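Q: Here you go, input-v3.cif (mmCIF, C-alpha atoms and all ligand atoms):
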```
data_upload
#
loop_
_atom_site.label_atom_id
_atom_site.label_comp_id
_atom_site.auth_asym_id
_atom_site.auth_seq_id
_atom_site.Cartn_x
_atom_site.Cartn_y
_atom_site.Cartn_z
CA MET A 16 -8.21 4.29 -20.02
CA THR A 17 -9.89 2.27 -17.28
CA ASP A 18 -11.02 3.16 -13.77
CA ILE A 19 -8.14 1.27 -12.13
CA ARG A 20 -7.00 3.09 -8.99
CA VAL A 21 -3.26 3.11 -8.35
CA LYS A 22 -1.40 3.54 -5.08
CA ILE A 23 2.28 4.49 -5.19
CA CYS A 24 3.86 3.75 -1.82
CA GLY A 25 7.06 4.87 -0.12
CA LEU A 26 7.26 8.48 -1.33
CA ARG A 27 10.13 10.46 0.19
CA THR A 28 10.37 13.78 -1.66
CA GLU A 29 8.06 16.52 -2.90
CA ALA A 30 9.15 15.58 -6.43
CA ASP A 31 7.82 12.06 -5.76
CA VAL A 32 4.45 13.51 -4.73
CA ALA A 33 4.34 15.69 -7.84
CA ALA A 34 5.19 12.72 -10.08
CA VAL A 35 2.52 10.56 -8.48
CA ALA A 36 -0.13 13.28 -8.86
CA ALA A 37 0.87 14.06 -12.45
CA ALA A 38 0.72 10.37 -13.37
CA GLY A 39 -2.89 10.17 -12.17
CA ALA A 40 -2.47 7.87 -9.17
CA ALA A 41 -5.28 7.83 -6.60
CA TYR A 42 -3.23 7.18 -3.44
CA ALA A 43 0.18 8.29 -2.13
CA GLY A 44 1.74 6.10 0.57
CA PHE A 45 4.04 7.28 3.38
CA VAL A 46 5.99 4.62 5.28
CA PHE A 47 6.48 4.78 9.04
CA PHE A 48 8.71 1.78 9.68
CA ALA A 49 12.26 2.36 10.88
CA LYS A 50 13.79 -0.62 9.04
CA SER A 51 12.45 0.51 5.68
CA PRO A 52 14.58 2.54 3.23
CA ARG A 53 11.35 4.52 2.69
CA ASN A 54 10.88 5.44 6.35
CA LEU A 55 9.81 9.04 7.08
CA THR A 56 9.71 11.18 10.19
CA ILE A 57 6.36 12.72 11.06
CA ALA A 58 7.68 16.16 10.06
CA GLN A 59 8.84 14.86 6.66
CA ALA A 60 5.52 13.14 6.02
CA ALA A 61 3.57 16.25 7.04
CA THR A 62 5.51 18.32 4.48
CA LEU A 63 4.79 15.77 1.75
CA ALA A 64 1.13 15.41 2.69
CA LEU A 65 0.65 19.17 2.57
CA ALA A 66 2.22 19.21 -0.91
CA ALA A 67 -0.31 16.65 -2.21
CA PRO A 68 -3.04 18.13 -4.41
CA PRO A 69 -6.72 17.62 -3.53
CA GLY A 70 -7.91 14.26 -4.80
CA LEU A 71 -4.67 12.42 -4.05
CA ALA A 72 -5.43 10.29 -0.97
CA LYS A 73 -2.66 10.23 1.63
CA VAL A 74 -2.06 6.85 3.24
CA ALA A 75 0.15 6.19 6.30
CA LEU A 76 1.70 2.71 6.33
CA VAL A 77 2.47 1.38 9.81
CA VAL A 78 3.61 -2.00 11.15
CA ASP A 79 2.21 -3.16 14.51
CA ALA A 80 2.14 0.45 15.71
CA ASP A 81 1.03 1.17 19.28
CA ASP A 82 -1.44 3.91 20.20
CA ASP A 83 1.25 6.46 21.11
CA THR A 84 2.88 6.07 17.69
CA LEU A 85 -0.45 6.27 15.90
CA ASP A 86 -1.54 9.29 17.98
CA ALA A 87 1.62 11.11 16.88
CA ILE A 88 1.23 10.18 13.20
CA VAL A 89 -2.48 10.95 12.97
CA GLY A 90 -2.03 14.14 14.99
CA GLY A 91 0.91 15.35 12.91
CA VAL A 92 0.07 14.41 9.33
CA PRO A 93 -3.12 15.17 7.36
CA LEU A 94 -4.21 11.68 6.28
CA ASP A 95 -7.01 9.94 4.39
CA MET A 96 -6.27 6.32 5.31
CA LEU A 97 -4.19 4.04 7.54
CA GLN A 98 -2.51 0.96 6.07
CA LEU A 99 -1.77 -1.72 8.67
CA HIS A 100 1.06 -3.91 7.37
CA GLY A 101 2.01 -5.96 10.42
CA HIS A 102 0.43 -8.72 12.49
CA GLU A 103 -2.49 -6.59 13.71
CA SER A 104 -5.35 -8.89 14.79
CA PRO A 105 -8.91 -8.30 13.55
CA ASP A 106 -9.75 -6.86 17.00
CA ARG A 107 -6.82 -4.44 16.77
CA VAL A 108 -7.92 -3.38 13.29
CA ALA A 109 -11.40 -2.61 14.62
CA GLU A 110 -9.92 -0.74 17.59
CA ILE A 111 -7.69 1.46 15.38
CA ARG A 112 -10.57 2.17 13.02
CA ALA A 113 -12.79 3.30 15.91
CA ARG A 114 -10.06 5.30 17.69
CA TYR A 115 -8.99 7.43 14.72
CA GLY A 116 -12.10 7.60 12.55
CA LEU A 117 -10.01 7.02 9.44
CA PRO A 118 -10.57 4.27 6.86
CA VAL A 119 -8.26 1.35 7.54
CA MET A 120 -6.69 -0.93 4.94
CA LYS A 121 -5.31 -4.20 6.32
CA ALA A 122 -2.49 -5.94 4.45
CA VAL A 123 -2.65 -9.73 4.29
CA GLY A 124 0.28 -11.80 3.02
CA VAL A 125 -0.60 -14.61 0.63
CA ALA A 126 1.60 -17.54 -0.38
CA ASP A 127 -0.92 -20.38 -0.74
CA GLU A 128 -4.63 -21.31 -0.44
CA GLY A 129 -4.31 -21.55 3.33
CA ASP A 130 -3.77 -17.80 3.58
CA LEU A 131 -7.07 -16.90 1.94
CA ALA A 132 -9.25 -17.43 5.03
CA ALA A 133 -7.58 -14.44 6.68
CA LEU A 134 -8.83 -12.26 3.85
CA PHE A 135 -12.41 -13.04 4.83
CA ASP A 136 -11.68 -12.47 8.55
CA TYR A 137 -10.15 -9.05 7.94
CA SER A 138 -12.76 -8.01 5.43
CA THR A 139 -15.33 -8.05 8.26
CA VAL A 140 -13.46 -5.31 10.16
CA ALA A 141 -11.32 -3.31 7.68
CA ASP A 142 -12.52 -0.82 5.08
CA GLN A 143 -10.20 -2.28 2.46
CA ILE A 144 -7.95 -5.31 2.11
CA LEU A 145 -4.47 -5.18 0.62
CA ILE A 146 -3.42 -8.54 -0.78
CA ASP A 147 0.37 -8.73 -0.79
CA ALA A 148 2.99 -11.46 -1.16
CA LYS A 149 3.84 -13.14 2.14
CA PRO A 150 7.38 -12.06 3.07
CA PRO A 151 10.00 -14.81 3.12
CA LYS A 152 11.02 -16.09 6.59
CA GLY A 153 13.64 -13.81 8.12
CA ALA A 154 12.92 -10.91 5.73
CA ALA A 155 13.75 -7.52 7.25
CA LEU A 156 10.56 -5.99 5.85
CA PRO A 157 6.99 -7.36 6.04
CA GLY A 158 6.36 -5.79 2.62
CA GLY A 159 8.08 -3.64 0.04
CA ASN A 160 10.33 -6.53 -0.99
CA GLY A 161 9.43 -6.52 -4.69
CA LEU A 162 8.16 -10.11 -4.46
CA SER A 163 4.97 -11.31 -6.07
CA PHE A 164 2.76 -14.32 -5.33
CA ASP A 165 0.79 -16.65 -7.58
CA TRP A 166 -1.97 -14.30 -8.74
CA ARG A 167 -4.15 -17.27 -9.73
CA LEU A 168 -4.83 -17.76 -5.99
CA VAL A 169 -7.02 -14.65 -5.95
CA ALA A 170 -8.22 -14.71 -9.55
CA GLN A 171 -11.91 -13.92 -9.89
CA ARG A 172 -12.49 -14.21 -6.09
CA ARG A 173 -14.88 -11.91 -4.27
CA TRP A 174 -14.34 -10.34 -0.83
CA LEU A 175 -16.68 -8.35 1.39
CA ARG A 176 -14.70 -5.13 0.95
CA PRO A 177 -12.80 -3.33 -1.82
CA TRP A 178 -9.33 -4.76 -2.24
CA MET A 179 -5.97 -3.82 -3.69
CA LEU A 180 -3.35 -6.08 -5.29
CA ALA A 181 0.30 -5.61 -4.25
CA GLY A 182 3.62 -7.41 -4.26
CA GLY A 183 6.28 -7.27 -6.93
CA LEU A 184 4.20 -5.27 -9.39
CA THR A 185 6.10 -3.36 -12.09
CA PRO A 186 5.25 -1.35 -15.22
CA ASP A 187 5.93 -4.57 -17.16
CA ASN A 188 3.69 -6.99 -15.26
CA VAL A 189 0.85 -4.86 -13.83
CA ALA A 190 -1.43 -5.19 -16.87
CA GLU A 191 -1.16 -8.98 -16.77
CA ALA A 192 -1.75 -9.01 -13.00
CA ILE A 193 -4.94 -6.99 -13.47
CA ARG A 194 -6.09 -9.19 -16.35
CA LEU A 195 -5.61 -12.36 -14.32
CA THR A 196 -7.06 -11.19 -11.00
CA ASN A 197 -9.60 -8.59 -12.09
CA ALA A 198 -8.17 -6.25 -9.43
CA ARG A 199 -9.58 -2.71 -9.62
CA GLN A 200 -6.84 -1.26 -7.41
CA VAL A 201 -3.07 -1.89 -7.41
CA ASP A 202 -0.23 -0.84 -5.12
CA VAL A 203 3.51 -0.61 -5.87
CA SER A 204 6.67 0.47 -4.15
CA SER A 205 9.92 -1.21 -5.31
CA GLY A 206 8.74 -1.64 -8.89
CA VAL A 207 8.85 2.12 -9.51
CA GLU A 208 12.27 2.73 -7.94
CA SER A 209 15.79 3.10 -9.37
CA ALA A 210 17.28 2.00 -6.02
CA PRO A 211 15.71 1.05 -2.65
CA GLY A 212 13.80 4.10 -1.44
CA VAL A 213 14.50 6.17 -4.56
CA LYS A 214 11.41 6.67 -6.70
CA ASP A 215 11.77 7.03 -10.48
CA ALA A 216 9.29 9.47 -12.04
CA ALA A 217 9.42 7.77 -15.46
CA ARG A 218 8.64 4.37 -13.91
CA ILE A 219 5.76 5.89 -11.90
CA THR A 220 4.26 7.33 -15.10
CA ALA A 221 4.79 4.04 -16.96
CA PHE A 222 3.20 2.04 -14.12
CA VAL A 223 0.03 4.14 -13.95
CA LYS A 224 -0.25 4.12 -17.75
CA ALA A 225 0.15 0.36 -17.93
CA ALA A 226 -2.35 -0.21 -15.10
CA GLN A 227 -4.98 2.03 -16.70
CA ALA A 228 -4.43 1.01 -20.32
O1 LIG B 1 7.58 -0.20 1.21
C1 LIG B 1 8.04 -0.53 2.31
O2 LIG B 1 9.18 -0.19 2.66
C2 LIG B 1 7.23 -1.36 3.26
C3 LIG B 1 7.71 -1.56 4.53
C4 LIG B 1 6.99 -2.32 5.43
C5 LIG B 1 5.77 -2.89 5.07
C6 LIG B 1 5.28 -2.70 3.77
C7 LIG B 1 5.99 -1.94 2.86
N1 LIG B 1 5.51 -1.71 1.56
C8 LIG B 1 4.31 -2.26 1.03
O3 LIG B 1 4.56 -3.56 0.53
C9 LIG B 1 3.73 -3.82 -0.59
C10 LIG B 1 4.52 -4.41 -1.73
O4 LIG B 1 5.60 -3.60 -2.09
P1 LIG B 1 6.47 -3.90 -3.42
O5 LIG B 1 5.75 -3.21 -4.54
O6 LIG B 1 6.55 -5.37 -3.60
O7 LIG B 1 7.78 -3.28 -3.14
C11 LIG B 1 3.03 -2.51 -0.93
O8 LIG B 1 1.73 -2.62 -0.42
C12 LIG B 1 3.76 -1.48 -0.14
O9 LIG B 1 2.84 -0.51 0.30
#
```
Re-express the file's structure as C-alpha cells.

A:
Amino acid sequence: MTDIRVKICGLRTEADVAAVAAAGAAYAGFVFFAKSPRNLTIAQAATLALAAPPGLAKVALVVDADDDTLDAIVGGVPLDMLQLHGHESPDRVAEIRARYGLPVMKAVGVADEGDLAALFDYSTVADQILIDAKPPKGAALPGGNGLSFDWRLVAQRRWLRPWMLAGGLTPDNVAEAIRLTNARQVDVSSGVESAPGVKDAARITAFVKAAQA
C-alpha cells in the first residue's frame, strides 16, 4: 500500500458513494454540468454528500459556473472542495476561492509542451491543479471523455501546488501512469464505469487497489 490519494468522479447513487468509501478513495466527485451523463441536481448531490462518511472529501465539479450557480451549489451541498473544469481565468479562480472559502482545484487540459505554462499560472492561485487530457475540438464535454495524454509531458515535473493526474485512467493503466509521472493523486470517471454515467463497484475497487499497490 502507498499513500496515493484517489478521486472517483461522477457519482450518482448512494451505492456509488458506499463503493468509493469502502474502496478507500480520498475524494468523491459530484458533477454539475448539464451536458454530462453524470450531471446531478443540487438536491441529488446533497443526499449523496450527506451519505458520505467522515474522511471522504466531497468535491463539486463545475464548468464556467457563474456566481448564482455557485451560490446555489455551495449553499445546498456540504462540500470540501470546488473543481473548476472550464475556461476559468486565474483571476476568476482567485475570486471563487475568496468568495466561498473552499479549496479550489483548477483543471488544466494538456496535449503538448505548450500547455504546461498554464499549469504554473494556475498554481499561483489554486489550491490544487488537476492535469487532464485536453478535450478534442468539438467534444461535448471538457472532461470525462476517457481520453489520456502523453504522461511523459508531466513526468518528474514540479509545480507550486499539489496536483492530481486525470484523463483516461483505468484499473489497467493507473499503476503505469503513477510510475511514469510520480503523481501522488489520481482522478477517474469513465474508467470505472460500465456505461456512461453508470459506476461499477468492482472497477472502483480495482482502480483504488491498482493505484495504491
Ligand atoms: O465526468 C464528467 O462528466 C465531466 C464533465 C465535465 C468536465 C469534467 C468531467 N470529468 C472530469 O474529467 C476528468 C477525466 O475523466 P475521465 O476519467 O477521462 O473520464 C476527471 O477529472 C473528471 O473529474

Q: Could you check which of A:Arg27, A:Lys22, A:Arg107, A:Arg199 is closest to A:Phe45, using all atoms listed in the file?

A: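 Of all the options, A:Arg27 lies closest to A:Phe45.
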
Q: Got a sec: who's within 10 Å of A:Pro68, counting all atoms listed in the file, leaving out chain neighbours fewer than 6 positions off, as a VMD selection string?

A: chain A and resid 32 to 33 36 to 37

Q: Considering only C-alpha atoms and all ligand atoms, state which residue in the set A:Val203, A:Ile88, A:Ile111, A:Ala60 is at the smallest distance from ligand LIG 1 (chain B).

A: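 So, comparing all the options, the nearest one is A:Val203.
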
Q: Got a sec: who's within 12 Å of A:Pro177, counting all atoms listed in the file, leaving out chain neighbours fewer than 4 positions off, as a PyMOL selection string?

A: chain A and resi 20+118-121+134-135+137-139+141-146+172-173+197-201

Q: Would you work out the distance separating atom CA of A:Val123 from atom CA of A:Asp82, expressed in Å to one decimal?

A: 21.0 Å

Q: When you draw a straight line from atom CA of A:Ser51 to atom C4 of ligand LIG 1 (chain B), how long is it in Å?

A: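 Distance reported for this atom pair: 6.2 Å.
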
Q: Show me, as CSV, the residues of chain A having an atom within 7 Å of ligand LIG 1 (chain B), each with the closest atom pair and its distance in Å, using all atoms listed in the file.

A:
```
residue,atom,partner,partner_atom,distance
A:Cys24,CA,B:LIG1,O9,4.9
A:Gly25,CA,B:LIG1,O1,5.3
A:Gly44,CA,B:LIG1,O9,6.7
A:Val46,CA,B:LIG1,C1,6.3
A:Phe48,CA,B:LIG1,C4,6.2
A:Ser51,CA,B:LIG1,O2,4.5
A:Pro52,CA,B:LIG1,O2,6.1
A:Arg53,CA,B:LIG1,O2,5.2
A:Asn54,CA,B:LIG1,O2,6.9
A:Leu76,CA,B:LIG1,O9,6.9
A:Val78,CA,B:LIG1,C5,6.5
A:His100,CA,B:LIG1,C5,5.3
A:Leu145,CA,B:LIG1,O8,6.8
A:Asp147,CA,B:LIG1,C9,6.0
A:Leu156,CA,B:LIG1,C4,5.1
A:Pro157,CA,B:LIG1,C5,4.7
A:Gly158,CA,B:LIG1,C6,3.5
A:Gly159,CA,B:LIG1,O7,3.2
A:Asn160,CA,B:LIG1,O7,4.7
A:Gly161,CA,B:LIG1,O6,3.3
A:Leu162,CA,B:LIG1,O6,5.1
A:Ser163,CA,B:LIG1,O6,6.6
A:Ala181,CA,B:LIG1,C10,5.1
A:Gly182,CA,B:LIG1,O6,3.6
A:Gly183,CA,B:LIG1,O6,3.8
A:Leu184,CA,B:LIG1,O5,5.5
A:Asp202,CA,B:LIG1,O8,5.4
A:Val203,CA,B:LIG1,O5,3.7
A:Ser204,CA,B:LIG1,O5,3.8
A:Ser205,CA,B:LIG1,O7,3.7
A:Gly206,CA,B:LIG1,O5,5.5
```

Q: Extract, using only C-alpha atoms, all DNA, RNA and protein residues at most 12 Å from A:Lys224, discarding same-chain residues fewer than 6 positions from it, and format them as a PyMOL selection string.

A: chain A and resi 16-21+35+37-40+185-187+189-190+217-218

Q: Determine the nearest neighbour of A:Ala133 from the options A:Glu103, A:Gln59, A:Ala49, A:Glu191, counting all atoms listed in the file.

A: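 The closest residue to A:Ala133 is A:Glu103.
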